[in-house]
Amino acid sequence: MSKILKSKADFLGVSSASLCLLHCLAIPIILSSSSLFVSIDHDVWHLLDFIFIGIGLSAIWYASQNSSSQWMKIALWTVFSIFSLSLLTHELLRFSYYISLISSILLIILHIINWKYYRICRTTRKLAKEIQSA
């Protein structure tokens, strides 16, 4: 399982951050337009926040292990920390909603950059090993 997570960490990160972004944008519209969803307990919607934080944590953990760039590791963990704090403080601080949207977008961008950078570095290292062994 961890081998799959290591190889697909950035894909998982992009997917979970995109779903979180979609969730954050769609839920207020759905709640205000349908009486069906108003009856659902508020804690159920916050459970999704914890799920996104958990998935994001594993994606950041494995993506940072695969990355050879120190600035990328710092950027991923910093933005994820801001993202997590903003999700946990939605009810306390009104502006944290916007911070979570921005940090979701930044996580998507960082995971895409890390995926491309890591893929290039991995291919370069593989070629270097082949040349050395020849």
# chains A, B, ... in the order shown; residues from 1 in each chain; ligands from 1
$ residues_around --residues "Gly13 in chain A" --least-positions-apart "2" --cutoff "10 Å" --atoms "only C-alpha atoms" --output "list of chain:residue names"
A:Lys8, A:Ala9, A:Asp10, A:Phe11, A:Ser15, A:Ser16, A:Ala17, A:Ser18, A:Leu19, A:Phe52, A:Ile55, A:Gly56, A:Leu57, A:Ser58, A:Ala59, A:Ile60, A:Tyr62, A:Ala63, A:Ser104, A:Leu107, A:Ile108, A:Ile109, A:Leu110, A:His111, A:Ile112
$ atom_distance --atom1 "CA of Phe80 in chain A" --atom2 "CA of Leu22 in chain A"
17.1 Å
$ atom_distance --atom1 "CA of Ile82 in chain A" --atom2 "CA of Pro28 in chain A"
21.5 Å
$ residues_around --residues "Ile99 in chain A" --least-positions-apart "2" --cutoff "12 Å" --atoms "only C-alpha atoms" --output "list of chain:residue names"
A:Leu21, A:Cys24, A:Val79, A:Phe80, A:Ser81, A:Ile82, A:Phe83, A:Ser84, A:Leu85, A:Ser86, A:Leu87, A:Leu88, A:Thr89, A:His90, A:Leu93, A:Arg94, A:Phe95, A:Ser96, A:Tyr97, A:Leu101, A:Ile102, A:Ser103, A:Ser104, A:Ile105, A:Leu106, A:Leu107
$ atom_distance --atom1 "CA of Tyr98 in chain A" --atom2 "CA of Ile29 in chain A"
15.4 Å
